[in-house]
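Colleague: Questions regarding the structure given below will be posed in turn.
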Amino acid sequence: MKLEIDQDRLLAELETLATFSDAEPPAVTRVVFTPTDQKARAWLIARCEGAGLKVRQDPIGNIFARWNGADPEAPVVGTGSHIDAIPNAGKYDGVVGVLGGLAAIRALRRAGFQPRNSVELLVFATEEPTRFGVGCLGSRLLSGSLLPDAASQLRDSHGESVDEVRKKAGLSGKLEDVKLSSGYYKAFVELHIEQGPLLERAQTSLGIVMRIAAPASLRISIEGAGGHAGGVLMPDRKDALCAAAELILAIENAARSTGAVDTVATVGVCEVFPGAVNSIPSRVHLTVDLRDTDLARRDKLMQTINRTVQSLSTKRQVSICQELLNADAPADCAPEVRAALSDSCREHGFQFLEMISRAYHDSLFISRIAPAGMLFIPCRNGYSHRPDEFASPEDIARGTLILAESLARLSA
Ligand SMILES: [Zn+2]
C-alpha cells in the first residue's frame, strides 16, 4: 500500500478552519457552541461528508464520522481531537489531530485500503475548560468519568447551563446516552502538537506518548475584611490578598519540594475585590492547577495545600473555602497502540521519542474505556495556547502519515 498524504489540501484546510475565529489573525478564539464555533463545526461536518464518511453527533456535541469496515459489527478504530480553542490561541492545538485524522482517512481510501474494523474520526466537544470550567467535557461523558447530572449542572459565565447551551446549539437527547459501551473501541489514537519544547530540542519530528500526567484543579476563595487603606491599622487587618500571597508561595514551594520534575503547580487566576488603590482587599479568588505523572505524589501535594490552607486561615484570621474542580488519575498509553505507532515509524525510517504528555487531552479519558495512545509532533519553541503557535507543514504531514499507517495496522 502506497500511502500519500495530500499535504497541500491539509494545510489549506488548517488555514480555512483558522478563519472561524472571534479574534484577529493570527490569533484564534473559538469557544465551544458560540456562533463562530457552530459555523466551524458545520464546515467540518461538510468536509467529513465530502470524504464519504457517515456523520452523527451525540447529545453533548461530540461528532463521529465513520468509514465502515468490512465487519461493521467489529469494535471501532478511532482517531480525533478537538477544534474548540481558548481565547487568543493558535491554529494547531487539537485541529492537527482532527484535520490530520481526516487527511489520514482520505489517504487510506485513496490507497485502496479496506479496513476490517470501522475507522472513525471523533471530534470531541468542549475540550477546553473556557466555557464551563471543566476541560474534556465530551470525553469525560463518553467514558463515564463525569456523571450526566453533574455535567448538566455546569454553567458558563453568563449563568447558562450545559443543557441550555447545547439545546440552543441544536443538540437534543439525554446526556445519559453519551457514554459509549465498553468494547466500542478496539483502539484509539490521537495526533496532537506537543505543547512543550522536548521534540524540538531533540530535533525529532515524532513523539510516542507513554503516559499522560494526572491533572487536578481547585478553586480557592479567601474572605478577609476590607476597610480604608488609611484608617485600619496593621494589627487590625485581615487582608485577603496577603493571605493569598502567602498561600501561592506555599503552593510553589510544595510543588518544588517533591523533588520530582514531573510535579507542577500553577496559580493562574487571582481576582482581588474590591480592587481599589485605597481599599484593603476583602476577598480573593484563586485557581490552582496541579499535575503529576504519579497519582500518590499529586494527592500528597493536594494534602499539603490543604494543611497550609488550614494553618493560614487560623494565622491570618481569614476564612478560606476550597472547591475541588477535578482530580483525575494519570493514564498509561496502551501497548498495542504504542506498538502500532512505533512499527509505523520504523517502517518509514522515522526516528521517534518516547515521552510523557504533561498536558492532558481527551485521550486521558478515552483510555478508561479503550486502548488509547497519542502521537506528538513538535511545535515551535514549545509554544501553544498563544497566537504564534506553529507546527511545520513537514511535521504535520509526517505525523498524519504515521497516523494513517497506524490506523491501517490497527483496523486491518
Ligand atoms: Zn488540545
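Simple scheme: letters A, B, ... for chains in C-alpha cells order, numbers from 1 for residues in each chain, numbers from 1 for ligands in the order shown.
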Just the strand (DSSP E) stuff from region 46-166 of chain A, please, per backbone DSSP, written as a ChimeraX atom specification.

Modeller: /A:54-57,63-67,76-82,85-89,119-124

Colleague: Which residues come within 6 Å of region 288-302 of chain A, counting only C-alpha atoms, excluding same-chain residues fewer than 5 positions away, as a ChimeraX atom specification?

Modeller: /A:213-218,262-267

Colleague: Could you write out the selected residues, including C-alpha atoms, as a PDB file, in the first residue's frame?

Modeller:
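Here's the written file selection34.pdb:
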ATOM      1  CA  ALA A 213       0.027  13.155  33.615  1.00  0.00           C
ATOM      2  CA  ALA A 214      -2.679  13.378  36.271  1.00  0.00           C
ATOM      3  CA  PRO A 215      -4.325  16.809  36.450  1.00  0.00           C
ATOM      4  CA  ALA A 216      -6.231  18.323  39.350  1.00  0.00           C
ATOM      5  CA  SER A 217      -7.649  21.772  39.827  1.00  0.00           C
ATOM      6  CA  LEU A 218      -9.052  23.727  42.724  1.00  0.00           C
ATOM      7  CA  ASP A 262       7.050  15.856  36.929  1.00  0.00           C
ATOM      8  CA  THR A 263       5.320  17.754  39.757  1.00  0.00           C
ATOM      9  CA  VAL A 264       3.966  21.123  38.637  1.00  0.00           C
ATOM     10  CA  ALA A 265       1.628  23.584  40.329  1.00  0.00           C
ATOM     11  CA  THR A 266       0.275  26.847  38.950  1.00  0.00           C
ATOM     12  CA  VAL A 267      -1.927  29.589  40.329  1.00  0.00           C
TER      13      VAL A 267
END

Colleague: With distances taken over only C-alpha atoms and all ligand atoms, which of A:Thr126, A:Ser411, A:Ser182, A:Ser143 is nearest to ligand 1?

Modeller: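 Going through A:Thr126, A:Ser411, A:Ser182, A:Ser143 one by one, the smallest distance to ligand 1 is for A:Thr126.
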
Colleague: Would you mind listing the residues within 12 Å of ligand 1, counting only C-alpha atoms and all ligand atoms, as a VMD selection string?

Modeller: chain A and resid 80 to 86 89 to 98 123 to 129 135 to 136 190 to 195 357 to 364 374 376 384 to 385

Colleague: For each of A:Phe64, A:Phe188, A:Phe365, A:Phe20, take the minimum atom-to-atom distance to Leu403 (chain A), counting only C-alpha atoms, then give the residue where this is smallest.

Modeller: A:Phe188

Colleague: Could you check how far CA of Lys168 (chain A) sits from CA of Pro35 (chain A), in Å to one decimal?

Modeller: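 Atom-to-atom, CA of Lys168 (chain A) and CA of Pro35 (chain A) are spaced 10.4 Å apart.
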
Colleague: Which is closer to Glu347 (chain A) than all the others in A:Glu4, A:Asp58, A:Glu49, A:Glu405, using only C-alpha atoms?

Modeller: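 Of the candidates, the smallest distance to Glu347 (chain A) is held by A:Glu405.
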
Colleague: Run DSSP on the backbone of this structure and report the residues of region 313-391 of chain A it assigns to helix (DSSP H, G or I), as a list in words.

Modeller: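 These are the residues in question: Ser313, Thr314, Lys315, Arg316, Pro335, Glu336, Val337, Arg338, Ala339, Ala340, Leu341, Ser342, Asp343, Ser344, Cys345, Arg346, Glu347, His348, Asp362, Ser363, Leu364, Phe365, Ile366, Arg380, Asn381 and Gly382 of chain A.
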
Colleague: Which residues, written as a VMD selection string, have at least one atom at most 7 Å from Asn278 (chain A), with only C-alpha atoms counted and residues fewer than 2 positions away on the same chain left out?

Modeller: chain A and resid 228 to 229 276 280

Colleague: Could those selected residues go to a file with N, CA and C atoms, as a PDB file, in the first residue's frame?

Modeller:
ATOM      1  N   HIS A 228     -10.702  50.921  54.998  1.00  0.00           N
ATOM      2  CA  HIS A 228      -9.947  52.052  54.450  1.00  0.00           C
ATOM      3  C   HIS A 228      -8.449  51.807  54.596  1.00  0.00           C
ATOM      4  N   ALA A 229      -7.726  52.031  53.507  1.00  0.00           N
ATOM      5  CA  ALA A 229      -6.285  51.764  53.496  1.00  0.00           C
ATOM      6  C   ALA A 229      -5.524  52.684  54.448  1.00  0.00           C
ATOM      7  N   ALA A 276      -9.338  48.284  44.604  1.00  0.00           N
ATOM      8  CA  ALA A 276      -9.174  49.739  44.590  1.00  0.00           C
ATOM      9  C   ALA A 276      -7.889  50.103  45.336  1.00  0.00           C
ATOM     10  N   ILE A 280      -8.546  47.948  51.446  1.00  0.00           N
ATOM     11  CA  ILE A 280      -7.914  46.682  51.831  1.00  0.00           C
ATOM     12  C   ILE A 280      -8.654  45.537  51.130  1.00  0.00           C
TER      13      ILE A 280
END

Colleague: Go through A:Cys321, A:Ala225, A:Ile377, A:Ala404 one by one, measure the shortest atom-to-atom distance of each to Lys2 (chain A) using only C-alpha atoms, and give the residue with the smallest value.

Modeller: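 Once distances to Lys2 (chain A) are computed over only C-alpha atoms, the minimum belongs to A:Ala404.
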
Colleague: So which residues touch Ile60 (chain A) within 8 Å, counting only C-alpha atoms, skipping near sequence neighbours fewer than 6 positions away, as a list in words?

Modeller: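 The filter keeps Ala125, Gly138, Arg166, Leu171, Leu175 and Val178 of chain A.
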
Colleague: Would you pick out the contacts of Ile396 (chain A) at 9 Å or less, using only C-alpha atoms, so that residues sharing its chain but fewer than 5 positions from it are not included, and give the list as a PyMOL selection string?

Modeller: chain A and resi 7+10-11+96+100+193+377-378+391+401

Colleague: Convert the current residue selection to file output with N, CA and C atoms, as a compact mmCIF listing (two decimals), in the first residue's frame.

Modeller:
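Produced file selection_11.txt, reproduced below:
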# COMPACT_ATOMS: atom_id res chain seq x y z
N GLN A 7 -0.71 16.93 1.45
CA GLN A 7 -0.24 17.97 2.37
C GLN A 7 -0.84 19.34 2.05
N LEU A 10 -4.42 19.50 3.23
CA LEU A 10 -4.46 19.51 4.69
C LEU A 10 -4.11 20.90 5.22
N LEU A 11 -3.07 21.51 4.67
CA LEU A 11 -2.67 22.85 5.14
C LEU A 11 -3.71 23.90 4.78
N VAL A 96 -4.88 19.89 14.47
CA VAL A 96 -3.99 18.98 13.73
C VAL A 96 -4.49 17.54 13.83
N GLY A 100 -5.86 16.25 10.53
CA GLY A 100 -4.89 15.19 10.23
C GLY A 100 -5.59 13.83 10.18
N ILE A 193 -0.17 18.37 18.66
CA ILE A 193 1.12 19.07 18.84
C ILE A 193 1.57 18.85 20.28
N ILE A 377 3.65 15.80 17.52
CA ILE A 377 4.60 16.44 16.60
C ILE A 377 5.08 17.73 17.27
N PRO A 378 6.25 18.24 16.86
CA PRO A 378 6.80 19.43 17.54
C PRO A 378 5.98 20.68 17.26
N ALA A 391 3.30 24.74 13.90
CA ALA A 391 3.86 23.41 13.58
C ALA A 391 4.18 23.43 12.10
N LEU A 401 0.92 10.97 8.26
CA LEU A 401 1.28 9.73 7.58
C LEU A 401 1.40 8.57 8.59

Colleague: Identify, on the basis of only C-alpha atoms, every residue whose closest approach to Arg237 (chain A) does not exceed 10 Å; exclude the query and any residue fewer than 2 positions from it along the same chain; express the result as number ranges by chain.

Modeller: A: 224-227, 229, 232-235, 239-240, 242, 280-282, 316-318

Colleague: Any chance you can output those residues with all heavy atoms as a tab-separated table (two decimals), in the first residue's frame?

Modeller:
chain	number	residue	atom	x	y	z
A	224	GLY	N	-11.52	37.90	53.79
A	224	GLY	CA	-10.94	38.60	54.93
A	224	GLY	C	-11.85	39.74	55.33
A	224	GLY	O	-13.07	39.58	55.34
A	225	ALA	N	-11.27	40.88	55.66
A	225	ALA	CA	-12.09	42.05	55.98
A	225	ALA	C	-11.53	43.25	55.24
A	225	ALA	O	-10.32	43.49	55.27
A	225	ALA	CB	-12.09	42.29	57.49
A	226	GLY	N	-12.42	43.97	54.58
A	226	GLY	CA	-12.00	45.16	53.83
A	226	GLY	C	-11.91	46.36	54.77
A	226	GLY	O	-12.08	46.25	55.99
A	227	GLY	N	-11.65	47.50	54.19
A	227	GLY	CA	-11.61	48.71	55.01
A	227	GLY	C	-10.77	49.77	54.35
A	227	GLY	O	-10.19	49.56	53.28
A	229	ALA	N	-7.73	52.03	53.51
A	229	ALA	CA	-6.29	51.76	53.50
A	229	ALA	C	-5.52	52.68	54.45
A	229	ALA	O	-4.38	52.39	54.81
A	229	ALA	CB	-5.74	51.90	52.07
A	232	VAL	N	-7.53	51.68	58.78
A	232	VAL	CA	-7.37	50.42	59.52
A	232	VAL	C	-5.89	50.16	59.73
A	232	VAL	O	-5.13	50.03	58.76
A	232	VAL	CB	-8.03	49.24	58.78
A	232	VAL	CG1	-7.91	47.96	59.60
A	232	VAL	CG2	-9.49	49.55	58.45
A	233	LEU	N	-5.47	50.09	60.97
A	233	LEU	CA	-4.04	49.92	61.27
A	233	LEU	C	-3.62	48.45	61.10
A	233	LEU	O	-4.45	47.55	61.13
A	233	LEU	CB	-3.76	50.42	62.69
A	233	LEU	CG	-4.06	51.92	62.86
A	233	LEU	CD1	-3.77	52.36	64.29
A	233	LEU	CD2	-3.26	52.77	61.87
A	234	MET	N	-2.35	48.25	60.94
A	234	MET	CA	-1.84	46.93	60.58
A	234	MET	C	-2.25	45.82	61.57
A	234	MET	O	-2.60	44.72	61.12
A	234	MET	CB	-0.31	46.95	60.40
A	234	MET	CG	0.19	47.86	59.27
A	234	MET	SD	-0.72	47.74	57.71
A	234	MET	CE	0.04	46.29	57.00
A	235	PRO	N	-2.21	46.05	62.87
A	235	PRO	CA	-2.57	44.93	63.77
A	235	PRO	C	-4.02	44.47	63.60
A	235	PRO	O	-4.35	43.34	63.96
A	235	PRO	CB	-2.35	45.52	65.18
A	235	PRO	CG	-1.46	46.69	64.97
A	235	PRO	CD	-1.79	47.24	63.60
A	239	ASP	N	-6.25	40.98	55.74
A	239	ASP	CA	-6.09	41.27	54.32
A	239	ASP	C	-6.11	39.97	53.50
A	239	ASP	O	-5.22	39.12	53.62
A	239	ASP	CB	-4.75	42.01	54.14
A	239	ASP	CG	-4.52	42.47	52.71
A	239	ASP	OD1	-4.84	41.71	51.78
A	239	ASP	OD2	-3.99	43.59	52.54
A	240	ALA	N	-7.13	39.81	52.69
A	240	ALA	CA	-7.30	38.56	51.92
A	240	ALA	C	-6.18	38.36	50.90
A	240	ALA	O	-5.77	37.23	50.64
A	240	ALA	CB	-8.66	38.57	51.22
A	242	CYS	N	-3.01	39.42	51.14
A	242	CYS	CA	-1.77	39.00	51.82
A	242	CYS	C	-1.83	37.50	52.14
A	242	CYS	O	-0.83	36.79	52.00
A	242	CYS	CB	-1.55	39.82	53.08
A	242	CYS	SG	-1.12	41.53	52.72
A	280	ILE	N	-8.55	47.95	51.45
A	280	ILE	CA	-7.91	46.68	51.83
A	280	ILE	C	-8.65	45.54	51.13
A	280	ILE	O	-9.89	45.48	51.18
A	280	ILE	CB	-7.98	46.48	53.36
A	280	ILE	CG1	-7.23	47.63	54.06
A	280	ILE	CG2	-7.40	45.13	53.78
A	280	ILE	CD1	-7.56	47.75	55.54
A	281	PRO	N	-7.93	44.64	50.47
A	281	PRO	CA	-8.60	43.52	49.78
A	281	PRO	C	-9.42	42.68	50.75
A	281	PRO	O	-8.89	42.18	51.75
A	281	PRO	CB	-7.44	42.72	49.20
A	281	PRO	CG	-6.34	43.72	49.03
A	281	PRO	CD	-6.48	44.64	50.21
A	282	SER	N	-10.70	42.53	50.47
A	282	SER	CA	-11.57	41.77	51.37
A	282	SER	C	-11.76	40.35	50.87
A	282	SER	O	-12.06	39.45	51.65
A	282	SER	CB	-12.94	42.45	51.47
A	282	SER	OG	-13.53	42.51	50.18
A	316	ARG	N	-4.03	34.04	59.90
A	316	ARG	CA	-4.39	35.36	59.37
A	316	ARG	C	-5.85	35.73	59.62
A	316	ARG	O	-6.31	36.77	59.15
A	316	ARG	CB	-4.08	35.41	57.88
A	316	ARG	CG	-2.59	35.51	57.60
A	316	ARG	CD	-2.32	35.83	56.16
A	316	ARG	NE	-0.95	36.24	55.96
A	316	ARG	CZ	-0.52	37.51	55.98
A	316	ARG	NH1	-1.38	38.49	56.19
A	316	ARG	NH2	0.75	37.81	55.81
A	317	GLN	N	-6.55	34.84	60.32
A	317	GLN	CA	-7.97	35.09	60.65
A	317	GLN	C	-8.80	35.45	59.43
A	317	GLN	O	-9.53	36.44	59.40
A	317	GLN	CB	-8.07	36.20	61.71
A	317	GLN	CG	-7.51	35.76	63.05
A	317	GLN	CD	-7.72	36.84	64.08
A	317	GLN	OE1	-7.11	37.90	64.01
A	317	GLN	NE2	-8.62	36.57	65.01
A	318	VAL	N	-8.64	34.65	58.41
A	318	VAL	CA	-9.48	34.79	57.22
A	318	VAL	C	-10.18	33.45	57.02
A	318	VAL	O	-9.71	32.43	57.53
A	318	VAL	CB	-8.63	35.12	55.95
A	318	VAL	CG1	-8.04	36.51	56.06
A	318	VAL	CG2	-7.54	34.08	55.73

Colleague: Find the spatial neighbours of Ser145 (chain A), counting only C-alpha atoms, within a cut-off of 10 Å - ignore same-chain residues fewer than 6 positions away - and output them as number ranges by chain.

Modeller: A: 137, 139, 179, 328, 365-366, 368-369

Colleague: Would you mind reading off the distance between CA of Gly183 (chain A) and CA of Val119 (chain A), one decimal, in Å?

Modeller: 14.5 Å

Colleague: So which one's closest to Gly52 (chain A), A:Leu102, A:Ala40, A:Val77, A:Ala340? Using only C-alpha atoms, please.

Modeller: A:Leu102

Colleague: Calculate how many Å separate CA of Ala408 (chain A) from CA of Leu199 (chain A), rounding to one decimal.

Modeller: 25.1 Å

Colleague: Pick from A:Glu13, A:Glu164, A:Asp177, A:Glu120: nearest to Leu142 (chain A), with only C-alpha atoms counted?

Modeller: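 Answer, going by the shortest atom-to-atom distance: A:Asp177.
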